[in-house]
file protein.tsv (TSV, C-alpha atoms)
chain	number	residue	atom	x	y	z
A	1013	MET	CA	88.69	263.62	140.93
A	1014	ARG	CA	88.02	260.22	142.36
A	1015	ASP	CA	89.53	259.53	145.81
A	1016	MET	CA	89.70	255.84	146.65
A	1017	SER	CA	91.71	255.86	149.86
A	1018	GLN	CA	93.06	258.28	152.44
A	1019	ASP	CA	95.24	255.81	154.32
A	1020	SER	CA	98.88	256.87	154.60
A	1021	GLN	CA	100.13	253.46	153.55
A	1022	ASP	CA	98.68	250.20	152.33
A	1023	ALA	CA	98.61	247.66	155.16
A	1024	SER	CA	100.41	245.08	153.01
A	1025	GLY	CA	103.21	247.47	152.12
A	1026	ARG	CA	102.14	247.67	148.47
A	1027	PRO	CA	102.95	250.96	146.70
A	1028	ARG	CA	100.07	253.43	146.77
A	1029	VAL	CA	99.31	254.63	143.25
A	1030	VAL	CA	97.29	257.41	141.60
A	1031	LEU	CA	96.29	256.91	137.93
A	1032	VAL	CA	96.21	260.02	135.72
A	1033	ASP	CA	94.81	259.67	132.20
A	1034	ASP	CA	92.03	261.54	130.41
A	1035	HIS	CA	90.40	258.34	129.11
A	1036	ALA	CA	88.25	256.65	131.76
A	1037	MET	CA	88.16	253.39	129.80
A	1038	PHE	CA	91.94	253.26	129.74
A	1039	ARG	CA	92.14	253.94	133.48
A	1040	ALA	CA	89.68	251.11	134.07
A	1041	GLY	CA	91.84	248.77	132.00
A	1042	VAL	CA	95.00	249.72	133.89
A	1043	ARG	CA	93.20	249.28	137.20
A	1044	ALA	CA	92.13	245.79	136.15
A	1045	GLU	CA	95.68	244.90	135.10
A	1046	ILE	CA	97.60	246.17	138.12
A	1047	GLY	CA	95.03	246.45	140.91
A	1048	ALA	CA	95.79	243.05	142.40
A	1049	GLY	CA	99.42	243.90	143.08
A	1050	LEU	CA	99.20	247.60	143.95
A	1051	ASP	CA	97.04	249.87	146.09
A	1052	ILE	CA	95.27	252.30	143.72
A	1053	VAL	CA	94.24	255.20	145.94
A	1054	GLY	CA	92.91	257.66	143.37
A	1055	GLU	CA	92.54	258.63	139.75
A	1056	ALA	CA	92.14	261.78	137.66
A	1057	GLY	CA	91.49	262.81	134.08
A	1058	SER	CA	92.96	266.31	133.91
A	1059	VAL	CA	95.81	268.41	135.26
A	1060	ALA	CA	93.60	270.17	137.81
A	1061	GLU	CA	92.05	266.91	139.02
A	1062	ALA	CA	95.45	265.24	139.18
A	1063	ILE	CA	96.99	267.98	141.32
A	1064	ALA	CA	94.06	267.91	143.74
A	1065	THR	CA	94.02	264.10	143.96
A	1066	ILE	CA	97.77	263.79	144.49
A	1067	ARG	CA	97.79	266.47	147.17
A	1068	HIS	CA	94.91	264.73	148.95
A	1069	THR	CA	96.27	261.18	148.82
A	1070	ALA	CA	100.08	261.70	148.83
A	1071	PRO	CA	100.72	258.45	146.90
A	1072	ASP	CA	104.02	256.65	146.51
A	1073	VAL	CA	103.77	256.70	142.70
A	1074	VAL	CA	101.74	258.66	140.17
A	1075	LEU	CA	101.18	256.86	136.86
A	1076	LEU	CA	100.97	259.88	134.60
A	1077	ASP	CA	99.83	260.44	131.02
A	1078	VAL	CA	101.95	263.00	129.17
A	1079	HIS	CA	99.10	264.78	127.36
A	1080	LEU	CA	95.99	265.91	129.23
A	1081	PRO	CA	93.06	268.12	128.16
A	1082	ASP	CA	94.05	271.15	130.25
A	1083	GLY	CA	97.82	270.84	129.90
A	1084	GLY	CA	100.58	268.28	130.06
A	1085	GLY	CA	101.91	265.77	132.56
A	1086	PRO	CA	104.97	267.96	133.23
A	1087	ALA	CA	102.65	270.62	134.66
A	1088	VAL	CA	101.36	268.09	137.20
A	1089	VAL	CA	104.89	267.14	138.24
A	1090	ALA	CA	105.99	270.77	138.52
A	1091	ALA	CA	103.00	271.68	140.69
A	1092	VAL	CA	103.17	268.73	143.07
A	1093	LEU	CA	106.77	267.58	143.40
A	1094	PRO	CA	108.00	270.57	145.47
A	1095	GLU	CA	105.21	269.91	147.99
A	1096	LEU	CA	105.47	266.10	148.00
A	1097	PRO	CA	109.10	265.22	147.25
A	1098	ALA	CA	108.57	261.60	148.34
A	1099	THR	CA	105.97	261.04	145.61
A	1100	LYS	CA	107.47	259.62	142.43
A	1101	PHE	CA	106.14	259.99	138.88
A	1102	LEU	CA	106.15	257.35	136.15
A	1103	ALA	CA	104.99	258.55	132.72
A	1104	LEU	CA	102.76	256.15	130.76
A	1105	SER	CA	102.01	257.39	127.25
A	1106	VAL	CA	101.17	256.30	123.73
A	1107	SER	CA	103.86	258.73	122.54
A	1108	ASP	CA	107.44	257.59	122.09
A	1109	ALA	CA	108.64	260.97	120.76
A	1110	ALA	CA	111.98	262.06	122.18
A	1111	GLU	CA	110.73	265.52	123.09
A	1112	ASP	CA	107.83	264.10	125.13
A	1113	VAL	CA	110.19	261.81	127.02
A	1114	ILE	CA	112.72	264.53	127.77
A	1115	THR	CA	110.12	267.15	128.76
A	1116	VAL	CA	108.50	265.02	131.44
A	1117	ILE	CA	111.82	263.67	132.74
A	1118	ARG	CA	113.23	267.17	133.00
A	1119	ALA	CA	110.13	268.11	135.02
A	1120	GLY	CA	111.03	265.43	137.57
A	1121	ALA	CA	109.50	262.11	136.52
A	1122	ARG	CA	111.47	258.97	137.43
A	1123	GLY	CA	110.63	256.98	134.33
A	1124	TYR	CA	108.71	256.70	131.07
A	1125	VAL	CA	107.03	253.64	129.57
A	1126	THR	CA	104.72	253.32	126.58
A	1127	LYS	CA	101.18	251.96	126.57
A	1128	THR	CA	102.29	248.81	124.77
A	1129	ILE	CA	103.71	247.57	128.09
A	1130	SER	CA	102.13	244.46	129.63
A	1131	GLY	CA	100.26	244.57	132.92
A	1132	ALA	CA	102.92	242.50	134.67
A	1133	ASP	CA	105.75	244.69	133.39
A	1134	LEU	CA	103.85	247.85	134.34
A	1135	THR	CA	103.33	246.55	137.88
A	1136	ASP	CA	107.04	245.79	138.09
A	1137	ALA	CA	107.95	249.23	136.74
A	1138	ILE	CA	105.75	250.95	139.35
A	1139	ARG	CA	107.29	248.89	142.16
A	1140	ARG	CA	110.80	249.72	140.95
A	1141	VAL	CA	110.04	253.44	140.75
A	1142	ALA	CA	108.52	253.31	144.25
A	1143	ASP	CA	111.78	251.74	145.45
A	1144	GLY	CA	113.81	254.57	143.93
A	1145	ASP	CA	114.83	253.08	140.59
A	1146	VAL	CA	114.63	254.88	137.23
A	1147	VAL	CA	112.64	252.93	134.62
A	1148	PHE	CA	112.30	253.36	130.85
A	1149	SER	CA	110.97	251.34	127.96
A	1150	PRO	CA	114.12	250.01	126.21
A	1151	ARG	CA	114.08	252.19	123.08
A	1152	LEU	CA	113.47	255.35	125.12
A	1153	ALA	CA	116.53	255.04	127.32
A	1154	GLY	CA	118.79	256.37	124.57
A	1155	PHE	CA	116.83	259.63	124.41
A	1156	VAL	CA	117.41	260.21	128.10
A	1157	LEU	CA	121.09	259.25	128.01
A	1158	ASP	CA	121.69	261.67	125.14
A	1159	ALA	CA	119.84	264.52	126.82
A	1160	PHE	CA	121.41	264.12	130.26
A	1161	ARG	CA	124.93	262.99	129.42
A	1162	ASP	CA	126.31	266.49	130.02
A	1163	GLY	CA	125.63	266.48	133.74
A	1164	GLY	CA	121.89	266.28	134.31
A	1165	HIS	CA	120.09	263.17	135.50
A	1166	PRO	CA	116.55	261.83	135.14
A	1167	GLY	CA	114.13	262.95	137.81
A	1168	GLY	CA	116.75	264.82	139.71
A	1169	GLY	CA	117.51	268.26	138.41
A	1170	SER	CA	119.48	270.19	135.91
A	1171	ALA	CA	119.95	269.57	132.24
A	1172	GLY	CA	120.57	271.92	129.34
A	1173	PRO	CA	117.70	272.58	126.97
A	1174	VAL	CA	117.14	269.98	124.29
A	1175	ASP	CA	116.20	272.68	121.78
A	1176	PRO	CA	115.52	276.28	122.88
A	1177	GLU	CA	112.93	276.80	120.14
A	1178	LEU	CA	111.14	273.52	120.81
A	1179	ASP	CA	111.11	274.25	124.55
A	1180	GLN	CA	108.88	277.27	123.84
A	1181	LEU	CA	106.05	274.95	122.87
A	1182	THR	CA	103.78	273.22	125.35
A	1183	PRO	CA	103.51	269.41	125.07
A	1184	ARG	CA	100.17	269.76	123.26
A	1185	GLU	CA	101.58	272.37	120.87
A	1186	GLN	CA	104.48	270.02	120.12
A	1187	GLU	CA	102.01	267.25	119.30
A	1188	VAL	CA	100.01	269.52	116.99
A	1189	MET	CA	103.26	270.73	115.42
A	1190	ARG	CA	104.39	267.21	114.55
A	1191	LEU	CA	101.05	266.34	112.96
A	1192	LEU	CA	100.98	269.61	111.00
A	1193	ALA	CA	104.48	268.93	109.74
A	1194	ARG	CA	103.41	265.46	108.63
A	1195	GLY	CA	100.67	266.96	106.47
A	1196	TYR	CA	97.59	266.28	108.61
A	1197	SER	CA	94.61	268.60	108.08
A	1198	TYR	CA	93.16	270.51	111.03
A	1199	ARG	CA	90.17	268.17	111.06
A	1200	GLU	CA	92.43	265.09	111.03
A	1201	ILE	CA	94.50	266.51	113.88
A	1202	GLY	CA	91.35	267.20	115.87
A	1203	THR	CA	90.20	263.61	115.38
A	1204	GLU	CA	93.63	262.24	116.29
A	1205	LEU	CA	93.93	264.30	119.49
A	1206	PHE	CA	90.24	264.38	120.47
A	1207	ILE	CA	90.07	268.19	120.33
A	1208	SER	CA	87.99	270.60	118.25
A	1209	VAL	CA	89.11	272.06	114.94
A	1210	LYS	CA	89.01	275.52	116.52
A	1211	THR	CA	91.38	274.34	119.26
A	1212	VAL	CA	93.70	272.89	116.62
A	1213	GLU	CA	93.69	276.23	114.80
A	1214	THR	CA	94.62	278.02	118.03
A	1215	HIS	CA	97.49	275.63	118.74
A	1216	ALA	CA	98.71	275.89	115.13
A	1217	SER	CA	98.68	279.69	115.31
A	1218	ASN	CA	100.63	279.58	118.58
A	1219	VAL	CA	103.18	277.18	117.09
A	1220	LEU	CA	103.86	279.38	114.06
A	1221	ARG	CA	104.04	282.53	116.19
A	1222	LYS	CA	106.43	281.04	118.77
A	1223	LEU	CA	108.68	279.54	116.10
A	1224	GLN	CA	108.49	282.74	114.01
A	1225	LEU	CA	107.34	280.83	110.93
A	1226	SER	CA	104.78	282.03	108.42
A	1227	SER	CA	103.50	278.85	106.77
A	1228	ARG	CA	103.02	275.12	107.13
A	1229	HIS	CA	105.67	274.59	104.44
A	1230	GLN	CA	108.24	276.40	106.59
A	1231	LEU	CA	107.11	274.40	109.62
A	1232	THR	CA	107.58	271.11	107.76
A	1233	ARG	CA	111.10	272.12	106.75
A	1234	TRP	CA	111.86	273.31	110.31
A	1235	ALA	CA	110.71	270.01	111.81
A	1236	ALA	CA	112.50	267.92	109.18
A	1237	ASP	CA	115.77	269.76	109.85
A	1238	ARG	CA	115.47	268.73	113.50
A	1239	ARG	CA	114.37	265.18	112.68
A	1240	ILE	CA	111.27	265.41	114.86
A	1241	VAL	CA	108.67	264.29	112.33
call {"tool": "encode", "arguments": {"input": "protein.tsv", "output": "structure tokens"}}
result
Amino acid sequence: MRDMSQDSQDASGRPRVVLVDDHAMFRAGVRAEIGAGLDIVGEAGSVAEAIATIRHTAPDVVLLDVHLPDGGGPAVVAAVLPELPATKFLALSVSDAAEDVITVIRAGARGYVTKTISGADLTDAIRRVADGDVVFSPRLAGFVLDAFRDGGHPGGGSAGPVDPELDQLTPREQEVMRLLARGYSYREIGTELFISVKTVETHASNVLRKLQLSSRHQLTRWAADRRIV
């Protein structure tokens, strides 16, 4: 946890922001891009650090990675939002998978943008979320409209499950599942996700057990049937 400010509000009225991403170099790059227009009051690299930092600083907006070493971004939202309902969450992720978008929005985030976004557009997105808007990268909006068209709404409450079986998996297990279904080896998955081969094996075992499948071949067919690979 790195606490940069304990002031309740930036003197200039700029939104107070906490950055949550497990890559310090990426956080430094984001800070350099948006720091001039926003008040960055803290940063964290894990779920536990994020929860502690957000509770301590009570920011206006949390810029939140979806996948973190000790869990997912939705876990951060679920832990903090009931205590700090005025704090808003904007997901910033390399993933543009529909299930990642829906999972974090269902948890309570107010938007989702991908890491291809420019610094100026990211600053604007954070300001809009701080003002109460809902913000999505253009191609992701359709996922949210489809998932919430039956009565739910982004960042605000109820929505039916996207897929009861898929909902059993944690965000990290879903990521491992997609790579397994695409034919990646355990070692390749570990390299892709920056985790050990043993951790990949554990996630893979959990995926097969939860989905009641017995082989990678069955998993590939299961994922293909749902068009999530």
call {"tool": "residues_around", "arguments": {"input": "protein.tsv", "residues": "A:Leu1075", "least_positions_apart": "5", "cutoff": "9 Å", "atoms": "only C-alpha atoms", "output": "list in words"}}
result
Val1029, Val1030, Leu1031, Val1032, Asp1033, Lys1100, Phe1101, Leu1102, Ala1103, Leu1104 and Ile1138 of chain A
call {"tool": "closest_atom_pairs", "arguments": {"input": "protein.tsv", "of": "stretch 1114-1149 of chain A", "to": "stretch 1107-1110 of chain A", "cutoff": "12 Å", "atoms": "all atoms listed in the file", "output": "Markdown table"}}
result
| residue | atom | partner | partner_atom | distance |
| --- | --- | --- | --- | --- |
| A:Ile1114 | CA | A:Ala1110 | CA | 6.2 |
| A:Thr1115 | CA | A:Ala1110 | CA | 8.5 |
| A:Val1116 | CA | A:Ala1110 | CA | 10.3 |
| A:Ile1117 | CA | A:Ala1110 | CA | 10.7 |
| A:Tyr1124 | CA | A:Asp1108 | CA | 9.1 |
| A:Val1125 | CA | A:Asp1108 | CA | 8.5 |
| A:Thr1126 | CA | A:Asp1108 | CA | 6.8 |
| A:Lys1127 | CA | A:Ser1107 | CA | 8.3 |
| A:Thr1128 | CA | A:Ser1107 | CA | 10.3 |
| A:Phe1148 | CA | A:Asp1108 | CA | 10.9 |
| A:Ser1149 | CA | A:Asp1108 | CA | 9.3 |
call {"tool": "write_last_selection", "arguments": {"input": "protein.tsv", "atoms": "C-alpha atoms", "output": "mmCIF file, in the frame of the given file"}}
result
data_model
loop_
_atom_site.group_PDB
_atom_site.id
_atom_site.type_symbol
_atom_site.label_atom_id
_atom_site.label_comp_id
_atom_site.auth_asym_id
_atom_site.auth_seq_id
_atom_site.Cartn_x
_atom_site.Cartn_y
_atom_site.Cartn_z
ATOM 1 C CA ILE A 1114 112.720 264.530 127.770
ATOM 2 C CA THR A 1115 110.120 267.150 128.760
ATOM 3 C CA VAL A 1116 108.500 265.020 131.440
ATOM 4 C CA ILE A 1117 111.820 263.670 132.740
ATOM 5 C CA TYR A 1124 108.710 256.700 131.070
ATOM 6 C CA VAL A 1125 107.030 253.640 129.570
ATOM 7 C CA THR A 1126 104.720 253.320 126.580
ATOM 8 C CA LYS A 1127 101.180 251.960 126.570
ATOM 9 C CA THR A 1128 102.290 248.810 124.770
ATOM 10 C CA PHE A 1148 112.300 253.360 130.850
ATOM 11 C CA SER A 1149 110.970 251.340 127.960
#
call {"tool": "residues_around", "arguments": {"input": "protein.tsv", "residues": "stretch 1189-1192 of chain A", "least_positions_apart": "6", "cutoff": "8 Å", "atoms": "only C-alpha atoms", "output": "list in words"}}
result
Tyr1198, Ile1201, Ala1216, Val1219, Arg1228, Leu1231, Thr1232, Ala1235, Ile1240 and Val1241 of chain A
call {"tool": "residues_around", "arguments": {"input": "protein.tsv", "residues": "A:Pro1071", "least_positions_apart": "6", "cutoff": "9 Å", "atoms": "all atoms listed in the file", "output": "ChimeraX atom specification"}}
result
/A:1020-1021,1027-1030,1052-1054,1098-1100
call {"tool": "atom_distance", "arguments": {"input": "protein.tsv", "atom1": "atom CA of A:Val1147", "atom2": "atom CA of A:Val1106"}}
result
16.2 Å
call {"tool": "closest_residue", "arguments": {"input": "protein.tsv", "among": "A:Val1092, A:Val1059, A:Ala1137, A:Ala1193", "to": "A:Gly1120", "atoms": "all atoms listed in the file"}}
result
A:Val1092
call {"tool": "atom_distance", "arguments": {"input": "protein.tsv", "atom1": "atom CA of A:Thr1069", "atom2": "atom CA of A:Arg1184"}}
result
27.2 Å
call {"tool": "closest_residue", "arguments": {"input": "protein.tsv", "among": "A:Pro1183, A:Val1074, A:Asp1143, A:Thr1065", "to": "A:Ala1087", "atoms": "only C-alpha atoms"}}
result
A:Pro1183
call {"tool": "decode", "arguments": {"input": "protein.tsv", "residues": "stretch 1191-1230 of chain A", "atoms": "N, CA and C atoms", "output": "tab-separated table (two decimals), in the first residue's frame"}}
result
chain	number	residue	atom	x	y	z
A	1191	LEU	N	-7.62	-19.72	-21.78
A	1191	LEU	CA	-6.32	-20.08	-22.36
A	1191	LEU	C	-6.19	-21.59	-22.53
A	1192	LEU	N	-6.70	-22.35	-21.57
A	1192	LEU	CA	-6.70	-23.81	-21.71
A	1192	LEU	C	-7.51	-24.22	-22.94
A	1193	ALA	N	-8.67	-23.61	-23.08
A	1193	ALA	CA	-9.55	-23.96	-24.20
A	1193	ALA	C	-8.94	-23.59	-25.54
A	1194	ARG	N	-8.05	-22.60	-25.53
A	1194	ARG	CA	-7.38	-22.19	-26.77
A	1194	ARG	C	-6.16	-23.04	-27.09
A	1195	GLY	N	-5.83	-23.99	-26.19
A	1195	GLY	CA	-4.74	-24.90	-26.46
A	1195	GLY	C	-3.40	-24.53	-25.85
A	1196	TYR	N	-3.37	-23.52	-24.97
A	1196	TYR	CA	-2.12	-23.13	-24.33
A	1196	TYR	C	-1.67	-24.24	-23.37
A	1197	SER	N	-0.36	-24.45	-23.26
A	1197	SER	CA	0.18	-25.37	-22.27
A	1197	SER	C	0.18	-24.69	-20.91
A	1198	TYR	N	0.34	-25.47	-19.84
A	1198	TYR	CA	0.40	-24.88	-18.50
A	1198	TYR	C	1.54	-23.87	-18.40
A	1199	ARG	N	2.68	-24.21	-18.99
A	1199	ARG	CA	3.83	-23.29	-18.93
A	1199	ARG	C	3.52	-22.00	-19.67
A	1200	GLU	N	2.87	-22.11	-20.83
A	1200	GLU	CA	2.52	-20.91	-21.61
A	1200	GLU	C	1.51	-20.05	-20.86
A	1201	ILE	N	0.57	-20.70	-20.18
A	1201	ILE	CA	-0.41	-19.94	-19.40
A	1201	ILE	C	0.28	-19.22	-18.25
A	1202	GLY	N	1.20	-19.92	-17.59
A	1202	GLY	CA	1.94	-19.29	-16.50
A	1202	GLY	C	2.70	-18.06	-16.95
A	1203	THR	N	3.34	-18.17	-18.13
A	1203	THR	CA	4.08	-17.03	-18.68
A	1203	THR	C	3.13	-15.89	-19.03
A	1204	GLU	N	2.00	-16.22	-19.61
A	1204	GLU	CA	1.02	-15.21	-20.04
A	1204	GLU	C	0.44	-14.45	-18.85
A	1205	LEU	N	0.19	-15.16	-17.74
A	1205	LEU	CA	-0.50	-14.58	-16.59
A	1205	LEU	C	0.44	-14.23	-15.44
A	1206	PHE	N	1.74	-14.49	-15.61
A	1206	PHE	CA	2.74	-14.18	-14.60
A	1206	PHE	C	2.47	-14.96	-13.29
A	1207	ILE	N	2.12	-16.24	-13.44
A	1207	ILE	CA	1.92	-17.11	-12.29
A	1207	ILE	C	2.70	-18.40	-12.52
A	1208	SER	N	2.90	-19.18	-11.46
A	1208	SER	CA	3.69	-20.40	-11.58
A	1208	SER	C	2.89	-21.51	-12.25
A	1209	VAL	N	3.61	-22.49	-12.78
A	1209	VAL	CA	2.96	-23.64	-13.41
A	1209	VAL	C	2.10	-24.37	-12.39
A	1210	LYS	N	2.59	-24.48	-11.16
A	1210	LYS	CA	1.80	-25.14	-10.11
A	1210	LYS	C	0.49	-24.42	-9.85
A	1211	THR	N	0.53	-23.08	-9.87
A	1211	THR	CA	-0.70	-22.30	-9.69
A	1211	THR	C	-1.65	-22.52	-10.85
A	1212	VAL	N	-1.10	-22.59	-12.06
A	1212	VAL	CA	-1.93	-22.88	-13.24
A	1212	VAL	C	-2.61	-24.23	-13.08
A	1213	GLU	N	-1.86	-25.23	-12.64
A	1213	GLU	CA	-2.41	-26.57	-12.47
A	1213	GLU	C	-3.56	-26.55	-11.45
A	1214	THR	N	-3.40	-25.78	-10.38
A	1214	THR	CA	-4.45	-25.68	-9.37
A	1214	THR	C	-5.70	-25.04	-9.95
A	1215	HIS	N	-5.52	-23.94	-10.69
A	1215	HIS	CA	-6.67	-23.28	-11.32
A	1215	HIS	C	-7.36	-24.21	-12.32
A	1216	ALA	N	-6.55	-24.92	-13.11
A	1216	ALA	CA	-7.12	-25.82	-14.13
A	1216	ALA	C	-7.93	-26.93	-13.46
A	1217	SER	N	-7.41	-27.47	-12.37
A	1217	SER	CA	-8.13	-28.51	-11.64
A	1217	SER	C	-9.45	-27.98	-11.10
A	1218	ASN	N	-9.41	-26.75	-10.56
A	1218	ASN	CA	-10.63	-26.14	-10.04
A	1218	ASN	C	-11.66	-25.91	-11.15
A	1219	VAL	N	-11.18	-25.48	-12.30
A	1219	VAL	CA	-12.08	-25.22	-13.43
A	1219	VAL	C	-12.80	-26.51	-13.84
A	1220	LEU	N	-12.05	-27.57	-14.04
A	1220	LEU	CA	-12.65	-28.84	-14.46
A	1220	LEU	C	-13.61	-29.38	-13.40
A	1221	ARG	N	-13.23	-29.23	-12.14
A	1221	ARG	CA	-14.10	-29.73	-11.06
A	1221	ARG	C	-15.41	-28.94	-11.01
A	1222	LYS	N	-15.31	-27.61	-11.06
A	1222	LYS	CA	-16.52	-26.78	-10.95
A	1222	LYS	C	-17.45	-26.96	-12.15
A	1223	LEU	N	-16.85	-27.17	-13.32
A	1223	LEU	CA	-17.66	-27.33	-14.53
A	1223	LEU	C	-18.06	-28.78	-14.77
A	1224	GLN	N	-17.58	-29.67	-13.88
A	1224	GLN	CA	-17.87	-31.11	-13.98
A	1224	GLN	C	-17.45	-31.67	-15.33
A	1225	LEU	N	-16.22	-31.32	-15.72
A	1225	LEU	CA	-15.63	-31.82	-16.96
A	1225	LEU	C	-14.42	-32.67	-16.59
A	1226	SER	N	-14.07	-33.59	-17.48
A	1226	SER	CA	-12.99	-34.53	-17.14
A	1226	SER	C	-11.74	-34.35	-17.98
A	1227	SER	N	-11.77	-33.48	-18.99
A	1227	SER	CA	-10.60	-33.34	-19.85
A	1227	SER	C	-10.57	-31.97	-20.51
A	1228	ARG	N	-9.39	-31.64	-21.01
A	1228	ARG	CA	-9.24	-30.38	-21.74
A	1228	ARG	C	-10.10	-30.39	-23.01
A	1229	HIS	N	-10.20	-31.54	-23.66
A	1229	HIS	CA	-11.02	-31.64	-24.87
A	1229	HIS	C	-12.47	-31.25	-24.57
A	1230	GLN	N	-13.01	-31.76	-23.46
A	1230	GLN	CA	-14.37	-31.40	-23.08
A	1230	GLN	C	-14.47	-29.91	-22.76
